[in-house]
Amino acid sequence: DVGGYHTGTSSKIIIPSGKAGTYLFTGQVSYATAASGLRFCMFYKNGSQVATGNSHFGSTTWDTTTGTLIMTVAVGDEIELYARQNSGGALDVVGEDSDNYITRFGCVYLGA
């Protein structure tokens, strides 16, 4: 966490003092195998959805959704990546495995 964007107690990116401006946010969510339903990821700003990443139908292998978003934010804004699926039951999200299925969320400061 270079720059103090993460509190360490949540999955939110919180824009620190002196860093208002335009950012590139990236997210990737990898889901366990399930043959039915859709999987997708969504970006939220201060509790409201602002964008949706790509979506995938269920498959018999691991499934990964990704999203990117360029957005102007203010100090204190909270950005989150949500994982959603509708397979009809619980579905694991993969942290990381040997085949490079990974769930991650980050940002790059582009400038004021």
# chains A, B, ... in the order shown; residues from 1 in each chain; ligands from 1

call {"tool": "residues_around", "arguments": {"residues": "segment 9-21 of chain A", "least_positions_apart": "3", "cutoff": "8 Å", "atoms": "only C-alpha atoms", "output": "ChimeraX atom specification"}}
result
/A:3-6,72-81,106,109-112

call {"tool": "write_last_selection", "arguments": {"atoms": "C-alpha atoms", "output": "PDB file, in the first residue's frame"}}
result
ATOM      1  CA  GLY A   3       0.548   6.156  -0.317  1.00  0.00           C
ATOM      2  CA  GLY A   4      -1.893   5.104   2.398  1.00  0.00           C
ATOM      3  CA  TYR A   5      -4.881   4.140   0.236  1.00  0.00           C
ATOM      4  CA  HIS A   6      -5.876   1.112   2.306  1.00  0.00           C
ATOM      5  CA  THR A  72     -12.040  11.476 -11.017  1.00  0.00           C
ATOM      6  CA  VAL A  73     -12.300  11.235  -7.220  1.00  0.00           C
ATOM      7  CA  ALA A  74     -12.038  13.496  -4.178  1.00  0.00           C
ATOM      8  CA  VAL A  75     -10.172  13.088  -0.896  1.00  0.00           C
ATOM      9  CA  GLY A  76     -12.062  10.622   1.288  1.00  0.00           C
ATOM     10  CA  ASP A  77     -13.920   8.907  -1.565  1.00  0.00           C
ATOM     11  CA  GLU A  78     -14.228   5.158  -0.997  1.00  0.00           C
ATOM     12  CA  ILE A  79     -13.894   2.860  -3.990  1.00  0.00           C
ATOM     13  CA  GLU A  80     -14.784  -0.847  -3.768  1.00  0.00           C
ATOM     14  CA  LEU A  81     -14.809  -3.857  -6.080  1.00  0.00           C
ATOM     15  CA  GLY A 106      -5.864  -1.679  -7.320  1.00  0.00           C
ATOM     16  CA  TYR A 109      -2.942   7.828  -9.756  1.00  0.00           C
ATOM     17  CA  LEU A 110      -3.005   9.583 -13.161  1.00  0.00           C
ATOM     18  CA  GLY A 111      -2.864  13.157 -11.908  1.00  0.00           C
ATOM     19  CA  ALA A 112      -4.860  16.097 -10.578  1.00  0.00           C
TER      20      ALA A 112
END

call {"tool": "select_by_dssp", "arguments": {"residues": "chain A", "states": "strand (DSSP E or B)", "output": "ChimeraX atom specification"}}
result
/A:13-14,21-31,34-45,48-59,63-73,78-85,93-94,96,102,104-111

call {"tool": "residues_around", "arguments": {"residues": "Phe43 of chain A", "least_positions_apart": "4", "cutoff": "7 Å", "atoms": "only C-alpha atoms", "output": "number ranges by chain"}}
result
A: 49-52, 80-82

call {"tool": "residues_around", "arguments": {"residues": "Gln85 of chain A", "least_positions_apart": "5", "cutoff": "8 Å", "atoms": "only C-alpha atoms", "output": "PyMOL selection string"}}
result
chain A and resi 37-40+91

call {"tool": "closest_residue", "arguments": {"among": "A:Asn86, A:Asn54, A:Thr68, A:Ser30", "to": "Val108 of chain A", "atoms": "only C-alpha atoms"}}
result
A:Thr68

call {"tool": "atom_distance", "arguments": {"atom1": "atom CA of Ala90 of chain A", "atom2": "atom CA of Gly53 of chain A"}}
result
20.7 Å

call {"tool": "residues_around", "arguments": {"residues": "Trp62 of chain A", "least_positions_apart": "3", "cutoff": "6 Å", "atoms": "only C-alpha atoms", "output": "ChimeraX atom specification"}}
result
/A:31-33

call {"tool": "atom_distance", "arguments": {"atom1": "atom CA of His56 of chain A", "atom2": "atom CA of Cys41 of chain A"}}
result
10.0 Å

call {"tool": "residues_around", "arguments": {"residues": "Glu96 of chain A", "least_positions_apart": "3", "cutoff": "12 Å", "atoms": "only C-alpha atoms", "output": "ChimeraX atom specification"}}
result
/A:28-32,62,64,92-93,99-104

call {"tool": "write_last_selection", "arguments": {"atoms": "all heavy atoms", "output": "compact mmCIF listing (two decimals), in the first residue's frame"}}
result
# COMPACT_ATOMS: atom_id res chain seq x y z
N GLN A 28 -10.07 -7.66 -10.75
CA GLN A 28 -10.20 -8.99 -11.32
C GLN A 28 -10.72 -9.92 -10.24
O GLN A 28 -10.22 -9.90 -9.12
CB GLN A 28 -8.85 -9.49 -11.83
CG GLN A 28 -8.87 -10.90 -12.34
CD GLN A 28 -7.53 -11.31 -12.92
OE1 GLN A 28 -6.94 -10.58 -13.70
NE2 GLN A 28 -7.05 -12.47 -12.51
N VAL A 29 -11.74 -10.69 -10.57
CA VAL A 29 -12.31 -11.66 -9.63
C VAL A 29 -12.34 -13.02 -10.31
O VAL A 29 -12.88 -13.15 -11.41
CB VAL A 29 -13.74 -11.26 -9.21
CG1 VAL A 29 -14.31 -12.28 -8.23
CG2 VAL A 29 -13.76 -9.86 -8.60
N SER A 30 -11.74 -14.02 -9.66
CA SER A 30 -11.75 -15.38 -10.17
C SER A 30 -12.70 -16.23 -9.32
O SER A 30 -12.62 -16.20 -8.09
CB SER A 30 -10.35 -15.98 -10.15
OG SER A 30 -9.52 -15.30 -11.07
N TYR A 31 -13.57 -16.95 -9.99
CA TYR A 31 -14.60 -17.75 -9.34
C TYR A 31 -14.32 -19.24 -9.52
O TYR A 31 -13.78 -19.66 -10.54
CB TYR A 31 -15.97 -17.46 -9.95
CG TYR A 31 -16.45 -16.06 -9.78
CD1 TYR A 31 -16.12 -15.07 -10.69
CD2 TYR A 31 -17.25 -15.72 -8.71
CE1 TYR A 31 -16.59 -13.77 -10.55
CE2 TYR A 31 -17.73 -14.43 -8.55
CZ TYR A 31 -17.39 -13.46 -9.47
OH TYR A 31 -17.85 -12.18 -9.33
N ALA A 32 -14.77 -20.03 -8.56
CA ALA A 32 -14.68 -21.48 -8.65
C ALA A 32 -15.63 -21.98 -9.74
O ALA A 32 -16.50 -21.26 -10.21
CB ALA A 32 -15.02 -22.11 -7.31
N TRP A 62 -12.42 -22.78 -13.94
CA TRP A 62 -12.39 -21.50 -13.23
C TRP A 62 -12.81 -20.39 -14.18
O TRP A 62 -12.57 -20.45 -15.37
CB TRP A 62 -10.99 -21.21 -12.70
CG TRP A 62 -10.57 -22.16 -11.63
CD1 TRP A 62 -9.78 -23.27 -11.81
CD2 TRP A 62 -10.90 -22.12 -10.26
NE1 TRP A 62 -9.61 -23.91 -10.62
CE2 TRP A 62 -10.29 -23.23 -9.64
CE3 TRP A 62 -11.66 -21.27 -9.48
CZ2 TRP A 62 -10.41 -23.49 -8.28
CZ3 TRP A 62 -11.78 -21.53 -8.13
CH2 TRP A 62 -11.16 -22.63 -7.55
N THR A 64 -12.95 -16.06 -14.73
CA THR A 64 -12.40 -14.78 -14.27
C THR A 64 -13.11 -13.62 -14.97
O THR A 64 -13.26 -13.63 -16.18
CB THR A 64 -10.88 -14.70 -14.54
OG1 THR A 64 -10.25 -15.76 -13.83
CG2 THR A 64 -10.31 -13.38 -14.10
N ASP A 92 -17.20 -20.08 -4.41
CA ASP A 92 -15.96 -19.52 -3.87
C ASP A 92 -15.34 -18.51 -4.82
O ASP A 92 -15.41 -18.65 -6.05
CB ASP A 92 -14.93 -20.62 -3.62
CG ASP A 92 -15.27 -21.48 -2.42
OD1 ASP A 92 -16.05 -21.02 -1.56
OD2 ASP A 92 -14.75 -22.61 -2.35
N VAL A 93 -14.69 -17.50 -4.25
CA VAL A 93 -13.84 -16.58 -4.97
C VAL A 93 -12.41 -16.98 -4.66
O VAL A 93 -12.06 -17.24 -3.51
CB VAL A 93 -14.11 -15.11 -4.54
CG1 VAL A 93 -13.08 -14.17 -5.12
CG2 VAL A 93 -15.50 -14.69 -4.98
N ASP A 99 -2.33 -21.76 -11.07
CA ASP A 99 -2.64 -21.50 -12.48
C ASP A 99 -2.90 -20.02 -12.75
O ASP A 99 -3.45 -19.66 -13.78
CB ASP A 99 -3.86 -22.31 -12.91
CG ASP A 99 -3.56 -23.80 -12.93
OD1 ASP A 99 -2.42 -24.17 -13.25
OD2 ASP A 99 -4.48 -24.57 -12.61
N ASN A 100 -2.53 -19.15 -11.81
CA ASN A 100 -2.65 -17.69 -11.94
C ASN A 100 -4.08 -17.18 -11.92
O ASN A 100 -4.36 -16.09 -12.41
CB ASN A 100 -1.92 -17.17 -13.18
CG ASN A 100 -0.44 -17.36 -13.06
OD1 ASN A 100 0.14 -17.14 -12.00
ND2 ASN A 100 0.18 -17.78 -14.13
N TYR A 101 -5.02 -17.97 -11.40
CA TYR A 101 -6.34 -17.43 -11.13
C TYR A 101 -6.20 -16.62 -9.86
O TYR A 101 -5.71 -17.11 -8.85
CB TYR A 101 -7.38 -18.54 -10.95
CG TYR A 101 -7.65 -19.29 -12.22
CD1 TYR A 101 -7.09 -20.52 -12.45
CD2 TYR A 101 -8.46 -18.72 -13.20
CE1 TYR A 101 -7.34 -21.20 -13.63
CE2 TYR A 101 -8.72 -19.39 -14.38
CZ TYR A 101 -8.15 -20.63 -14.59
OH TYR A 101 -8.39 -21.30 -15.75
N ILE A 102 -6.58 -15.38 -9.91
CA ILE A 102 -6.33 -14.50 -8.78
C ILE A 102 -7.44 -13.44 -8.70
O ILE A 102 -8.03 -13.09 -9.71
CB ILE A 102 -4.95 -13.83 -8.91
CG1 ILE A 102 -4.57 -13.09 -7.65
CG2 ILE A 102 -4.90 -12.90 -10.10
CD1 ILE A 102 -3.12 -12.64 -7.62
N THR A 103 -7.70 -12.98 -7.50
CA THR A 103 -8.61 -11.87 -7.29
C THR A 103 -7.78 -10.70 -6.80
O THR A 103 -6.99 -10.85 -5.87
CB THR A 103 -9.70 -12.26 -6.29
OG1 THR A 103 -10.46 -13.32 -6.86
CG2 THR A 103 -10.60 -11.08 -5.97
N ARG A 104 -7.93 -9.55 -7.46
CA ARG A 104 -7.13 -8.38 -7.08
C ARG A 104 -7.89 -7.10 -7.41
O ARG A 104 -8.79 -7.08 -8.23
CB ARG A 104 -5.79 -8.40 -7.77
CG ARG A 104 -5.88 -8.42 -9.28
CD ARG A 104 -4.53 -8.46 -9.93
NE ARG A 104 -4.61 -9.22 -11.16
CZ ARG A 104 -3.61 -9.88 -11.67
NH1 ARG A 104 -2.45 -9.88 -11.09
NH2 ARG A 104 -3.76 -10.53 -12.79

call {"tool": "decode", "arguments": {"residues": "segment 21-47 of chain A", "atoms": "N, CA, C and O atoms", "output": "short mmCIF file (atom, residue, chain, number, x, y, z; two decimals), in the first residue's frame"}}
result
data_model
loop_
_atom_site.label_atom_id
_atom_site.label_comp_id
_atom_site.auth_asym_id
_atom_site.auth_seq_id
_atom_site.Cartn_x
_atom_site.Cartn_y
_atom_site.Cartn_z
N GLY A 21 -8.00 13.53 -7.62
CA GLY A 21 -7.64 13.60 -9.03
C GLY A 21 -8.21 12.44 -9.81
O GLY A 21 -9.21 11.83 -9.42
N THR A 22 -7.57 12.13 -10.92
CA THR A 22 -8.03 11.08 -11.81
C THR A 22 -7.20 9.82 -11.59
O THR A 22 -5.98 9.88 -11.48
N TYR A 23 -7.91 8.67 -11.56
CA TYR A 23 -7.29 7.38 -11.29
C TYR A 23 -7.73 6.35 -12.31
O TYR A 23 -8.84 6.42 -12.85
N LEU A 24 -6.88 5.36 -12.51
CA LEU A 24 -7.23 4.15 -13.22
C LEU A 24 -7.43 3.07 -12.16
O LEU A 24 -6.49 2.75 -11.42
N PHE A 25 -8.64 2.55 -12.05
CA PHE A 25 -8.95 1.46 -11.13
C PHE A 25 -9.03 0.17 -11.93
O PHE A 25 -9.62 0.14 -13.02
N THR A 26 -8.45 -0.89 -11.40
CA THR A 26 -8.50 -2.19 -12.05
C THR A 26 -8.95 -3.25 -11.06
O THR A 26 -8.61 -3.19 -9.88
N GLY A 27 -9.72 -4.19 -11.54
CA GLY A 27 -10.17 -5.28 -10.68
C GLY A 27 -10.28 -6.57 -11.45
O GLY A 27 -10.53 -6.58 -12.66
N GLN A 28 -10.07 -7.66 -10.75
CA GLN A 28 -10.20 -8.99 -11.32
C GLN A 28 -10.72 -9.92 -10.24
O GLN A 28 -10.22 -9.90 -9.12
N VAL A 29 -11.74 -10.69 -10.57
CA VAL A 29 -12.31 -11.66 -9.63
C VAL A 29 -12.34 -13.02 -10.31
O VAL A 29 -12.88 -13.15 -11.41
N SER A 30 -11.74 -14.02 -9.66
CA SER A 30 -11.75 -15.38 -10.17
C SER A 30 -12.70 -16.23 -9.32
O SER A 30 -12.62 -16.20 -8.09
N TYR A 31 -13.57 -16.95 -9.99
CA TYR A 31 -14.60 -17.75 -9.34
C TYR A 31 -14.32 -19.24 -9.52
O TYR A 31 -13.78 -19.66 -10.54
N ALA A 32 -14.77 -20.03 -8.56
CA ALA A 32 -14.68 -21.48 -8.65
C ALA A 32 -15.63 -21.98 -9.74
O ALA A 32 -16.50 -21.26 -10.21
N THR A 33 -15.48 -23.22 -10.10
CA THR A 33 -16.26 -23.86 -11.15
C THR A 33 -17.74 -23.99 -10.76
O THR A 33 -18.06 -24.43 -9.67
N ALA A 34 -18.61 -23.61 -11.68
CA ALA A 34 -20.05 -23.84 -11.57
C ALA A 34 -20.62 -23.72 -12.97
O ALA A 34 -20.32 -22.77 -13.69
N ALA A 35 -21.44 -24.67 -13.37
CA ALA A 35 -21.91 -24.73 -14.75
C ALA A 35 -23.01 -23.71 -15.07
O ALA A 35 -23.27 -23.44 -16.23
N SER A 36 -23.66 -23.15 -14.07
CA SER A 36 -24.78 -22.26 -14.35
C SER A 36 -24.53 -20.84 -13.85
O SER A 36 -23.64 -20.60 -13.05
N GLY A 37 -25.34 -19.92 -14.34
CA GLY A 37 -25.32 -18.55 -13.85
C GLY A 37 -24.28 -17.66 -14.50
O GLY A 37 -23.51 -18.06 -15.35
N LEU A 38 -24.30 -16.40 -14.08
CA LEU A 38 -23.36 -15.38 -14.54
C LEU A 38 -22.41 -15.01 -13.41
O LEU A 38 -22.77 -15.08 -12.24
N ARG A 39 -21.21 -14.56 -13.76
CA ARG A 39 -20.27 -13.98 -12.81
C ARG A 39 -19.86 -12.61 -13.35
O ARG A 39 -19.68 -12.44 -14.55
N PHE A 40 -19.72 -11.65 -12.46
CA PHE A 40 -19.27 -10.33 -12.88
C PHE A 40 -18.69 -9.58 -11.69
O PHE A 40 -18.82 -10.00 -10.55
N CYS A 41 -18.02 -8.48 -11.99
CA CYS A 41 -17.49 -7.60 -10.95
C CYS A 41 -18.00 -6.19 -11.22
O CYS A 41 -18.29 -5.84 -12.35
N MET A 42 -18.12 -5.41 -10.14
CA MET A 42 -18.66 -4.06 -10.24
C MET A 42 -17.84 -3.12 -9.38
O MET A 42 -17.35 -3.52 -8.31
N PHE A 43 -17.71 -1.89 -9.82
CA PHE A 43 -17.05 -0.85 -9.05
C PHE A 43 -18.10 0.01 -8.35
O PHE A 43 -19.11 0.39 -8.96
N TYR A 44 -17.84 0.30 -7.09
CA TYR A 44 -18.72 1.17 -6.30
C TYR A 44 -17.90 2.36 -5.80
O TYR A 44 -16.73 2.22 -5.45
N LYS A 45 -18.54 3.53 -5.78
CA LYS A 45 -17.94 4.75 -5.23
C LYS A 45 -18.88 5.25 -4.14
O LYS A 45 -20.06 5.51 -4.41
N ASN A 46 -18.35 5.33 -2.92
CA ASN A 46 -19.13 5.81 -1.77
C ASN A 46 -20.48 5.09 -1.64
O ASN A 46 -21.50 5.69 -1.34
N GLY A 47 -20.47 3.79 -1.88
CA GLY A 47 -21.65 2.97 -1.68
C GLY A 47 -22.59 2.85 -2.86
O GLY A 47 -23.60 2.15 -2.78
#
